[in-house]
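What follows is upload.cif (mmCIF, C-alpha atoms and all ligand atoms).
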data_model
#
loop_
_atom_site.label_atom_id
_atom_site.label_comp_id
_atom_site.auth_asym_id
_atom_site.auth_seq_id
_atom_site.Cartn_x
_atom_site.Cartn_y
_atom_site.Cartn_z
CA MET A 34 0.62 -9.24 -43.76
CA LYS A 35 -0.59 -8.32 -40.29
CA ALA A 36 1.82 -7.56 -37.49
CA GLY A 37 1.63 -5.88 -34.11
CA PHE A 38 1.68 -5.83 -30.36
CA VAL A 39 -1.05 -7.58 -28.43
CA ASN A 40 -0.72 -6.89 -24.74
CA ILE A 41 -2.52 -8.76 -21.98
CA PHE A 42 -3.78 -6.76 -19.01
CA GLY A 43 -5.78 -7.68 -15.95
CA LYS A 44 -5.91 -8.17 -12.24
CA PRO A 45 -3.53 -10.60 -10.53
CA ASN A 46 -4.48 -14.26 -11.11
CA ALA A 47 -6.83 -13.62 -14.04
CA GLY A 48 -4.80 -16.21 -15.96
CA LYS A 49 -2.65 -13.93 -18.15
CA SER A 50 0.51 -16.04 -17.99
CA THR A 51 -1.42 -19.26 -18.52
CA LEU A 52 -2.94 -17.71 -21.65
CA LEU A 53 0.42 -16.58 -23.05
CA ASN A 54 1.82 -20.10 -22.63
CA ALA A 55 -1.27 -21.69 -24.16
CA LEU A 56 -1.23 -19.41 -27.21
CA LEU A 57 2.46 -20.03 -27.85
CA GLY A 58 2.50 -23.71 -26.95
CA GLU A 59 5.61 -23.09 -24.88
CA LYS A 60 6.06 -22.31 -21.23
CA LEU A 61 7.53 -18.82 -21.33
CA ALA A 62 5.77 -17.34 -18.33
CA ILE A 63 5.76 -18.91 -14.91
CA VAL A 64 2.38 -19.63 -13.32
CA SER A 65 1.22 -20.05 -9.76
CA SER A 66 -1.94 -19.59 -7.77
CA LYS A 67 -0.27 -16.71 -5.91
CA VAL A 68 -0.70 -13.09 -6.98
CA GLN A 69 2.32 -11.16 -8.29
CA THR A 70 4.04 -14.23 -9.68
CA THR A 71 4.82 -12.33 -12.89
CA ARG A 72 7.23 -9.43 -12.35
CA HIS A 73 8.31 -8.61 -15.89
CA ARG A 74 6.79 -7.89 -19.21
CA ILE A 75 7.33 -11.11 -21.14
CA LYS A 76 7.04 -11.08 -24.90
CA GLY A 77 6.31 -14.12 -27.02
CA PHE A 78 5.97 -14.16 -30.80
CA LEU A 79 3.46 -16.13 -32.84
CA THR A 80 4.37 -15.99 -36.52
CA GLU A 81 2.69 -17.44 -39.59
CA PRO A 82 5.09 -16.32 -42.35
CA GLY A 83 3.42 -14.07 -44.89
CA GLN A 84 0.20 -13.98 -42.88
CA TYR A 85 0.71 -12.60 -39.39
CA GLN A 86 3.13 -11.93 -36.57
CA ILE A 87 1.53 -11.43 -33.18
CA ILE A 88 3.84 -10.07 -30.50
CA PHE A 89 2.13 -11.01 -27.26
CA SER A 90 3.08 -9.43 -23.96
CA ASP A 91 2.24 -10.91 -20.62
CA THR A 92 2.36 -8.28 -17.89
CA PRO A 93 2.27 -8.25 -14.10
CA GLY A 94 -1.22 -8.01 -12.62
CA ILE A 95 -2.22 -4.42 -11.94
CA ILE A 96 -1.84 -3.41 -8.25
CA GLU A 97 -1.09 -0.39 -6.08
CA PRO A 98 2.72 -0.28 -5.59
CA LYS A 99 3.90 -0.83 -2.00
CA TYR A 100 7.66 -1.00 -2.53
CA LYS A 101 10.16 -0.23 -5.30
CA LEU A 102 9.93 -3.68 -6.86
CA HIS A 103 6.20 -3.04 -7.28
CA GLN A 104 6.96 0.31 -8.92
CA LYS A 105 9.21 -1.43 -11.45
CA MET A 106 6.49 -4.02 -12.08
CA MET A 107 3.86 -1.35 -12.74
CA GLY A 108 6.39 0.51 -14.93
CA SER A 109 6.44 -2.49 -17.24
CA VAL A 110 2.63 -2.45 -17.34
CA LYS A 111 2.74 1.24 -18.29
CA ASN A 112 5.14 0.53 -21.17
CA ALA A 113 2.82 -2.19 -22.40
CA LEU A 114 -0.15 0.21 -22.25
CA GLU A 115 1.73 2.61 -24.49
CA ASP A 116 2.75 0.31 -27.32
CA ALA A 117 -0.30 -1.95 -27.62
CA ASP A 118 -1.98 -2.28 -31.02
CA VAL A 119 -4.63 -4.53 -29.53
CA ALA A 120 -5.34 -4.96 -25.81
CA LEU A 121 -6.64 -8.13 -24.24
CA LEU A 122 -8.50 -7.22 -21.06
CA MET A 123 -8.56 -10.41 -19.10
CA VAL A 124 -11.05 -11.19 -16.37
CA ASP A 125 -11.58 -14.24 -14.20
CA ALA A 126 -15.22 -15.27 -14.79
CA LYS A 127 -15.59 -15.85 -11.03
CA ASP A 128 -14.28 -12.41 -10.11
CA SER A 129 -16.26 -9.21 -9.48
CA LYS A 130 -17.36 -7.76 -12.85
CA GLU A 131 -17.63 -4.25 -11.40
CA GLU A 132 -14.07 -4.20 -10.06
CA ASN A 133 -12.70 -5.41 -13.35
CA HIS A 134 -14.79 -2.90 -15.23
CA GLU A 135 -13.42 -0.11 -13.07
CA LEU A 136 -9.88 -1.25 -13.77
CA PHE A 137 -10.42 -1.56 -17.52
CA SER A 138 -12.05 1.88 -17.71
CA SER A 139 -9.18 3.43 -15.79
CA LEU A 140 -6.65 2.21 -18.37
CA ARG A 141 -8.18 4.61 -20.95
CA LEU A 142 -6.93 2.53 -23.86
CA LYS A 143 -7.38 4.00 -27.32
CA VAL A 144 -6.67 0.78 -29.22
CA PRO A 145 -9.15 -2.02 -29.97
CA CYS A 146 -9.83 -3.98 -26.78
CA VAL A 147 -10.96 -7.58 -26.64
CA VAL A 148 -12.41 -8.56 -23.28
CA VAL A 149 -11.30 -12.11 -22.54
CA ILE A 150 -13.41 -13.86 -19.94
CA ASN A 151 -11.28 -16.70 -18.60
CA LYS A 152 -11.90 -19.80 -16.49
CA THR A 153 -15.11 -20.85 -18.23
CA ASP A 154 -14.39 -24.34 -16.89
CA ALA A 155 -14.99 -23.07 -13.37
CA VAL A 156 -18.39 -21.33 -13.71
CA LYS A 157 -21.95 -22.32 -14.58
CA PRO A 158 -23.18 -21.39 -18.10
CA ALA A 159 -25.83 -18.98 -16.77
CA ALA A 160 -23.28 -17.05 -14.70
CA LEU A 161 -20.97 -16.91 -17.70
CA GLU A 162 -23.73 -15.47 -19.90
CA GLU A 163 -24.30 -12.74 -17.35
CA VAL A 164 -20.62 -11.76 -17.23
CA LYS A 165 -20.47 -11.83 -21.00
CA ALA A 166 -23.51 -9.55 -21.38
CA PHE A 167 -22.12 -7.14 -18.80
CA PHE A 168 -18.84 -6.63 -20.67
CA ALA A 169 -20.44 -6.64 -24.13
CA ALA A 170 -22.32 -3.49 -23.05
CA GLN A 171 -19.10 -1.61 -22.14
CA PRO A 172 -17.86 1.04 -24.58
CA TYR A 173 -14.25 -0.22 -24.60
CA ALA A 174 -15.19 -3.79 -25.57
CA LYS A 175 -14.81 -4.30 -29.33
CA GLN A 176 -15.48 -7.96 -28.75
CA VAL A 177 -16.00 -10.33 -25.82
CA ILE A 178 -14.61 -13.84 -25.96
CA THR A 179 -14.94 -16.56 -23.35
CA ILE A 180 -12.10 -19.03 -22.93
CA SER A 181 -10.45 -21.46 -20.61
CA ALA A 182 -6.72 -20.85 -20.79
CA LEU A 183 -6.13 -23.85 -18.57
CA LYS A 184 -8.17 -26.27 -20.71
CA GLN A 185 -7.09 -24.45 -23.88
CA SER A 186 -10.66 -24.03 -25.05
CA ASN A 187 -11.86 -21.42 -27.53
CA LEU A 188 -8.32 -20.16 -28.18
CA ASP A 189 -8.80 -20.29 -31.96
CA GLU A 190 -11.72 -17.90 -31.74
CA LEU A 191 -9.58 -15.56 -29.68
CA LYS A 192 -6.69 -15.83 -32.13
CA ASN A 193 -8.96 -15.04 -35.08
CA ALA A 194 -10.34 -11.97 -33.31
CA ILE A 195 -6.83 -10.77 -32.58
CA ILE A 196 -5.74 -11.18 -36.20
CA HIS A 197 -8.85 -9.30 -37.30
CA PHE A 198 -7.93 -6.25 -35.18
CA LEU A 199 -4.18 -6.41 -35.89
CA PRO A 200 -2.80 -3.63 -38.15
CA GLU A 201 -1.21 -4.29 -41.54
CA GLY A 202 2.57 -4.17 -41.43
CA ASP A 203 5.89 -5.91 -41.77
CA PRO A 204 7.10 -8.36 -39.13
CA PHE A 205 9.26 -6.98 -36.30
CA TYR A 206 11.17 -10.20 -35.59
CA ASN A 207 12.51 -13.20 -37.53
CA ASP A 208 10.06 -16.00 -38.30
CA GLU A 209 11.86 -18.50 -36.08
CA ASP A 210 12.21 -16.24 -33.02
CA LEU A 211 9.99 -17.03 -30.05
CA THR A 212 10.94 -14.22 -27.66
CA ASP A 213 13.32 -11.29 -27.21
CA LEU A 214 14.46 -12.31 -23.73
CA PRO A 215 17.68 -14.28 -23.16
CA THR A 216 17.63 -17.96 -22.17
CA LYS A 217 19.22 -17.00 -18.87
CA PHE A 218 16.11 -15.04 -17.94
CA PHE A 219 13.84 -18.06 -18.36
CA VAL A 220 16.20 -20.24 -16.36
CA GLY A 221 16.01 -17.81 -13.44
CA GLU A 222 12.23 -17.65 -13.72
CA MET A 223 11.90 -21.43 -13.54
CA VAL A 224 13.83 -21.43 -10.27
CA ARG A 225 11.68 -18.58 -8.96
CA GLU A 226 8.51 -20.43 -9.89
CA LYS A 227 9.50 -23.36 -7.70
CA VAL A 228 9.80 -21.00 -4.74
CA PHE A 229 6.26 -19.77 -5.50
CA LEU A 230 4.97 -23.32 -5.71
CA LEU A 231 6.76 -24.82 -2.71
CA PHE A 232 6.51 -22.09 -0.08
CA GLY A 233 3.62 -20.44 1.72
CA ASP A 234 2.58 -16.90 2.28
CA GLU A 235 5.49 -14.53 2.52
CA ILE A 236 8.66 -16.23 1.27
CA PRO A 237 8.06 -15.92 -2.51
CA TYR A 238 7.57 -12.15 -2.20
CA HIS A 239 10.97 -11.76 -0.56
CA THR A 240 12.75 -13.81 -3.19
CA ALA A 241 14.67 -13.00 -6.35
CA VAL A 242 16.87 -15.24 -8.50
CA LEU A 243 20.17 -14.29 -10.09
CA VAL A 244 21.73 -16.60 -12.68
CA ASN A 245 25.50 -16.15 -12.44
CA GLU A 246 26.76 -18.86 -14.72
CA PHE A 247 25.36 -20.51 -17.83
CA LYS A 248 27.99 -22.60 -19.58
CA GLU A 249 27.84 -25.43 -22.08
CA LYS A 250 30.25 -28.16 -21.00
CA ASP A 251 30.47 -31.17 -23.32
CA THR A 252 26.96 -32.67 -23.40
CA LEU A 253 25.77 -30.72 -20.39
CA ILE A 254 24.81 -27.18 -19.46
CA LYS A 255 26.17 -25.97 -16.16
CA ILE A 256 24.05 -23.38 -14.42
CA GLN A 257 24.77 -21.63 -11.15
CA ALA A 258 22.13 -19.38 -9.64
CA ASP A 259 21.64 -17.50 -6.39
CA ILE A 260 18.30 -17.38 -4.64
CA ILE A 261 18.15 -14.02 -2.91
CA VAL A 262 16.12 -13.51 0.26
CA GLN A 263 15.85 -10.63 2.72
CA ARG A 264 16.45 -12.39 6.05
CA GLU A 265 18.51 -15.20 7.61
CA SER A 266 15.31 -16.84 8.86
CA GLN A 267 14.07 -17.06 5.26
CA LYS A 268 17.34 -18.58 4.18
CA ALA A 269 16.93 -21.33 6.80
CA ILE A 270 13.40 -22.08 5.55
CA LEU A 271 14.56 -22.27 1.95
CA ILE A 272 17.35 -24.66 2.85
CA GLY A 273 15.06 -26.83 4.95
CA GLU A 274 15.99 -29.64 7.27
CA LYS A 275 19.28 -31.17 6.11
CA GLY A 276 18.88 -29.28 2.85
CA SER A 277 15.64 -31.01 1.93
CA MET A 278 13.86 -27.92 0.57
CA ILE A 279 16.69 -26.53 -1.55
CA LYS A 280 17.07 -30.02 -2.97
CA GLN A 281 13.39 -30.03 -3.96
CA ILE A 282 13.64 -26.58 -5.55
CA GLY A 283 16.72 -27.71 -7.45
CA SER A 284 15.36 -30.93 -8.85
CA ALA A 285 11.98 -29.46 -9.85
CA ALA A 286 13.68 -26.48 -11.52
CA ARG A 287 16.22 -28.70 -13.26
CA GLU A 288 13.43 -30.81 -14.78
CA ASP A 289 11.73 -27.72 -16.21
CA ILE A 290 14.96 -26.22 -17.48
CA GLU A 291 15.93 -29.47 -19.20
CA ALA A 292 12.54 -29.63 -20.90
CA PHE A 293 12.88 -25.99 -21.99
CA LEU A 294 16.46 -26.32 -23.29
CA GLN A 295 16.11 -29.90 -24.51
CA GLN A 296 19.45 -30.63 -22.92
CA LYS A 297 20.89 -32.15 -19.75
CA VAL A 298 21.52 -29.59 -17.04
CA PHE A 299 23.69 -29.43 -13.94
CA LEU A 300 22.06 -26.88 -11.65
CA GLN A 301 23.79 -25.47 -8.60
CA LEU A 302 21.83 -23.19 -6.25
CA PHE A 303 23.12 -20.95 -3.46
CA ILE A 304 21.00 -18.90 -1.08
CA LYS A 305 22.08 -15.36 -0.27
CA VAL A 306 20.69 -12.86 2.20
CA ARG A 307 20.35 -9.29 0.92
CA PRO A 308 18.35 -7.20 3.40
CA LYS A 309 15.78 -4.87 1.80
CA TRP A 310 16.75 -5.74 -1.81
CA ARG A 311 13.18 -4.94 -2.89
CA ASP A 312 13.78 -1.26 -2.15
CA ASN A 313 17.37 -1.05 -3.36
CA ASP A 314 17.73 0.40 -6.86
CA GLN A 315 21.12 -1.13 -7.51
CA GLN A 316 20.09 -4.60 -6.39
CA LEU A 317 16.80 -4.41 -8.28
CA LYS A 318 18.79 -3.64 -11.40
CA GLU A 319 21.22 -6.48 -10.74
CA TYR A 320 18.33 -8.94 -10.40
CA GLY A 321 16.79 -7.78 -13.67
CA TYR A 322 14.09 -5.34 -12.49
CA HIS A 323 14.73 -2.23 -14.51
P1 LIG A 401 -1.86 -14.29 -13.86
O1 LIG A 401 -1.51 -13.83 -12.50
O2 LIG A 401 -2.95 -13.46 -14.46
O3 LIG A 401 -0.67 -14.42 -14.77
O4 LIG A 401 -2.49 -15.75 -13.68
P2 LIG A 401 -1.78 -17.18 -13.82
O5 LIG A 401 -1.65 -17.55 -15.26
O6 LIG A 401 -0.54 -17.21 -12.99
O7 LIG A 401 -2.91 -18.10 -13.21
C1 LIG A 401 -3.38 -17.90 -11.88
C2 LIG A 401 -4.07 -19.17 -11.42
O8 LIG A 401 -5.26 -19.38 -12.18
C3 LIG A 401 -3.21 -20.42 -11.62
O9 LIG A 401 -3.43 -21.27 -10.51
C4 LIG A 401 -3.77 -21.01 -12.90
O10 LIG A 401 -3.59 -22.42 -12.99
C5 LIG A 401 -5.25 -20.66 -12.78
N1 LIG A 401 -5.91 -20.58 -14.11
C6 LIG A 401 -5.49 -19.92 -15.21
N2 LIG A 401 -6.36 -20.09 -16.23
C7 LIG A 401 -7.36 -20.88 -15.77
C8 LIG A 401 -8.55 -21.42 -16.36
O11 LIG A 401 -8.88 -21.25 -17.54
N3 LIG A 401 -9.35 -22.18 -15.53
C9 LIG A 401 -9.03 -22.43 -14.23
N4 LIG A 401 -9.87 -23.19 -13.52
N5 LIG A 401 -7.92 -21.94 -13.66
C10 LIG A 401 -7.08 -21.18 -14.41
K K A 402 -0.44 -15.78 -10.58
MG MG A 403 1.26 -13.86 -14.50
#
Output the structure of this file as structure tokens.
Amino acid sequence: MKAGFVNIFGKPNAGKSTLLNALLGEKLAIVSSKVQTTRHRIKGFLTEPGQYQIIFSDTPGIIEPKYKLHQKMMGSVKNALEDADVALLMVDAKDSKEENHELFSSLRLKVPCVVVINKTDAVKPAALEEVKAFFAAQPYAKQVITISALKQSNLDELKNAIIHFLPEGDPFYNDEDLTDLPTKFFVGEMVREKVFLLFGDEIPYHTAVLVNEFKEKDTLIKIQADIIVQRESQKAILIGEKGSMIKQIGSAAREDIEAFLQQKVFLQLFIKVRPKWRDNDQQLKEYGYH
């Protein structure tokens, strides 16, 4: 049997989280068109009993840290660099090849690397061939595969390549497990995603979500979560006129959570102001950024 860690690296917005979800057929990682949506290392397991267990990790896009939250984010990337058996180096086909090449070289990975050129649906075939040839010539590229994570095209080819490079070994997790993170984590992420989708420029980067209560009550799951922001003015924006925005966040998040849990949910959201939480070790820990 083959088993091991396959970690996805790349610049912000390459499509790493979209790929994880597409490979697993389950929405584990939140997705938005904004950079730095993903803050954690998120593992998802793909198991074919007796044949393979692939432990995928989605990671935050690689950036220069500007505050402590960023440092924690890049810490999780570093961990993923250390335990990879196979690395997927993901590049947006529309993005600068040279910049991505510089990043991939700087990672100095010693494990087999598959360069995954994503967003084939958004470029012309000739341009794609050029990107493909460029990466095929790089010493770190064991293989180059072009996909569209969004349209789910060519994922089987990618999966076969991964299995080919995966080491022999026993499975690390039970066949039926999908992830090692608690349900509560995903619930918080679904709320956070709505903030990324509904609000412009700055707000999402000042926001964290803390799930305080997760209780099964008869046929319903009761969830209470706090949305944390840094300033009173941000709180007012999140609440919106007569509560219109918080209502939108709540109903969109509830829909996703119900689909994920396959159960009816009562979701209660509060907004709290915690100045400078992004640079406060204790608060970062409380909100799940270790
Ligand atoms: P990450 O930051 O690398 O995790 O990227 P995301 O998965 O969050 O995706 C960033 C943006 O790119 C989102 O708007 C996605 O819908 C979009 N995206 C991801 N994969 C594709 C793709 O194959 N084609 C196109 N056109 N867009 C994609
Ligand atoms: K993103
Ligand atoms: Mg992501």
### Query
What is the CA of Gly321 (chain A)-CA of His73 (chain A) distance in Å, reported with one decimal?
8.8 Å
### Message
Nearest residue to Leu188 (chain A) out of A:Gln176, A:Asn151, A:Thr80, A:Asn313, using all atoms listed in the file?
### Response
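So, comparing all the options, the nearest one is A:Asn151.
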Could you give me the axis-aligned bounding box of region 241-248 of chain A, with 5 Å of padding per side, as centre plus edge lengths in Å to one decimal, as JSON?
{"center_x": 21.3, "center_y": -17.8, "center_z": -13.0, "size_x": 23.3, "size_y": 19.6, "size_z": 23.2}
### Message
Please find the residues contacting ligand K 402 (chain A) at a distance of at most 8 Å between atoms, with all atoms listed in the file counted, and report them as a list in words.
### Response
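Using all atoms listed in the file, I find these residues within 8 Å of ligand K 402 (chain A): Pro45, Asn46, Ala47, Gly48, Ser50, Val64, Ser65, Ser66, Lys67, Val68, Gln69, Thr70 and Thr71 of chain A.
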Selected residues written out with C-alpha atoms, as a compact mmCIF listing (two decimals), keeping the file's coordinate frame:
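Writing the result to again-v1.txt gives the following:
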# COMPACT_ATOMS: atom_id res chain seq x y z
CA PRO A 45 -3.53 -10.60 -10.53
CA ASN A 46 -4.48 -14.26 -11.11
CA ALA A 47 -6.83 -13.62 -14.04
CA GLY A 48 -4.80 -16.21 -15.96
CA SER A 50 0.51 -16.04 -17.99
CA VAL A 64 2.38 -19.63 -13.32
CA SER A 65 1.22 -20.05 -9.76
CA SER A 66 -1.94 -19.59 -7.77
CA LYS A 67 -0.27 -16.71 -5.91
CA VAL A 68 -0.70 -13.09 -6.98
CA GLN A 69 2.32 -11.16 -8.29
CA THR A 70 4.04 -14.23 -9.68
CA THR A 71 4.82 -12.33 -12.89
### Query
Counting all atoms listed in the file, what is within 12 Å of region 274-289 of chain A, bar same-chain residues fewer than 6 positions away, as number ranges by chain?
A: 59-61, 63, 219-232, 254-260, 267-268, 295-304
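Restricting the calculation to only C-alpha atoms, the smallest distance between Met107 (chain A) and any of A:Glu135, A:Phe168, A:Tyr322, A:Ser266 is found for A:Tyr322.
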### Task
Tell me which of A:Pro98, A:Pro93, A:Gly43, A:Pro82 sits closest to ligand MG 403 (chain A), counting all atoms listed in the file.
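With all atoms listed in the file as the atom set, the closest residue is A:Pro93.
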### Query
Between CA of Val177 (chain A) and CA of Val124 (chain A), what is the distance, to one decimal in Å?
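Straight-line distance from CA of Val177 (chain A) to CA of Val124 (chain A) works out to 10.7 Å.
Distance check against His134 (chain A) using only C-alpha atoms: of A:Lys105, A:Lys44, A:Lys152, A:Arg311, the minimum falls on A:Lys44.
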### Query
In terms of the shortest atom-to-atom distance over only C-alpha atoms and all ligand atoms, which of A:Leu253, A:Asp91, A:Gln84, A:Ile261 is closest to ligand MG 403 (chain A)?
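The answer is A:Asp91, which sits nearest to ligand MG 403 (chain A).
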#### Entry: Distance query Gln171 (chain A) at most 12 Å, only C-alpha atoms, self and fewer than 5 positions along chain excluded, as a PyMOL selection string
chain A and resi 130-131+133-135+137-138+146-148+164-166+176-177
Store the residues of this selection in a file with C-alpha atoms, as a PDB file, in the frame of the given file.
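Dumped to selection-v1.pdb:
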ATOM      1  CA  LYS A 130     -17.360  -7.760 -12.850  1.00  0.00           C
ATOM      2  CA  GLU A 131     -17.630  -4.250 -11.400  1.00  0.00           C
ATOM      3  CA  ASN A 133     -12.700  -5.410 -13.350  1.00  0.00           C
ATOM      4  CA  HIS A 134     -14.790  -2.900 -15.230  1.00  0.00           C
ATOM      5  CA  GLU A 135     -13.420  -0.110 -13.070  1.00  0.00           C
ATOM      6  CA  PHE A 137     -10.420  -1.560 -17.520  1.00  0.00           C
ATOM      7  CA  SER A 138     -12.050   1.880 -17.710  1.00  0.00           C
ATOM      8  CA  CYS A 146      -9.830  -3.980 -26.780  1.00  0.00           C
ATOM      9  CA  VAL A 147     -10.960  -7.580 -26.640  1.00  0.00           C
ATOM     10  CA  VAL A 148     -12.410  -8.560 -23.280  1.00  0.00           C
ATOM     11  CA  VAL A 164     -20.620 -11.760 -17.230  1.00  0.00           C
ATOM     12  CA  LYS A 165     -20.470 -11.830 -21.000  1.00  0.00           C
ATOM     13  CA  ALA A 166     -23.510  -9.550 -21.380  1.00  0.00           C
ATOM     14  CA  GLN A 176     -15.480  -7.960 -28.750  1.00  0.00           C
ATOM     15  CA  VAL A 177     -16.000 -10.330 -25.820  1.00  0.00           C
TER      16      VAL A 177
END
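Residues in contact with Tyr100 (chain A) at up to 9 Å, not including ones fewer than 3 positions away on its chain and judged by all atoms listed in the file, are His103, Gln104, Arg311 and Asp312 of chain A.
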### Task
Could you tell me how far CA of Pro308 (chain A) lies from CA of Ile272 (chain A), in Å and to one decimal?
17.5 Å
### Query
Looking at A:Glu81, A:Lys250, A:Glu163, A:Ala182, which one is nearest to ligand LIG 401 (chain A), with distances taken over only C-alpha atoms and all ligand atoms?
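Once distances to ligand LIG 401 (chain A) are computed over only C-alpha atoms and all ligand atoms, the minimum belongs to A:Ala182.
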If I only have part of region 67-80 of chain A, can you fill in N, CA and C atoms and write it as a CSV table (one decimal), in the frame of the given file?
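out18.csv was written with the following content:
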chain,number,residue,atom,x,y,z
A,67,LYS,N,-0.5,-17.9,-6.7
A,67,LYS,CA,-0.3,-16.7,-5.9
A,67,LYS,C,-0.3,-15.5,-6.8
A,68,VAL,N,-0.7,-14.3,-6.2
A,68,VAL,CA,-0.7,-13.1,-7.0
A,68,VAL,C,0.7,-12.6,-7.1
A,69,GLN,N,1.0,-11.7,-8.1
A,69,GLN,CA,2.3,-11.2,-8.3
A,69,GLN,C,3.4,-12.2,-8.6
A,70,THR,N,3.0,-13.3,-9.2
A,70,THR,CA,4.0,-14.2,-9.7
A,70,THR,C,4.9,-13.6,-10.8
A,71,THR,N,4.2,-13.0,-11.7
A,71,THR,CA,4.8,-12.3,-12.9
A,71,THR,C,5.3,-11.0,-12.5
A,72,ARG,N,6.6,-10.7,-12.7
A,72,ARG,CA,7.2,-9.4,-12.4
A,72,ARG,C,7.7,-8.6,-13.6
A,73,HIS,N,7.8,-9.3,-14.7
A,73,HIS,CA,8.3,-8.6,-15.9
A,73,HIS,C,7.3,-8.6,-17.0
A,74,ARG,N,7.5,-7.8,-18.0
A,74,ARG,CA,6.8,-7.9,-19.2
A,74,ARG,C,7.5,-9.0,-20.0
A,75,ILE,N,6.7,-10.0,-20.4
A,75,ILE,CA,7.3,-11.1,-21.1
A,75,ILE,C,6.7,-11.2,-22.5
A,76,LYS,N,7.6,-11.1,-23.5
A,76,LYS,CA,7.0,-11.1,-24.9
A,76,LYS,C,7.2,-12.4,-25.5
A,77,GLY,N,6.2,-12.9,-26.3
A,77,GLY,CA,6.3,-14.1,-27.0
A,77,GLY,C,5.7,-13.9,-28.4
A,78,PHE,N,6.4,-14.4,-29.4
A,78,PHE,CA,6.0,-14.2,-30.8
A,78,PHE,C,5.3,-15.4,-31.4
A,79,LEU,N,4.2,-15.1,-32.1
A,79,LEU,CA,3.5,-16.1,-32.8
A,79,LEU,C,3.4,-15.7,-34.3
A,80,THR,N,4.2,-16.4,-35.1
A,80,THR,CA,4.4,-16.0,-36.5
A,80,THR,C,3.9,-17.0,-37.5
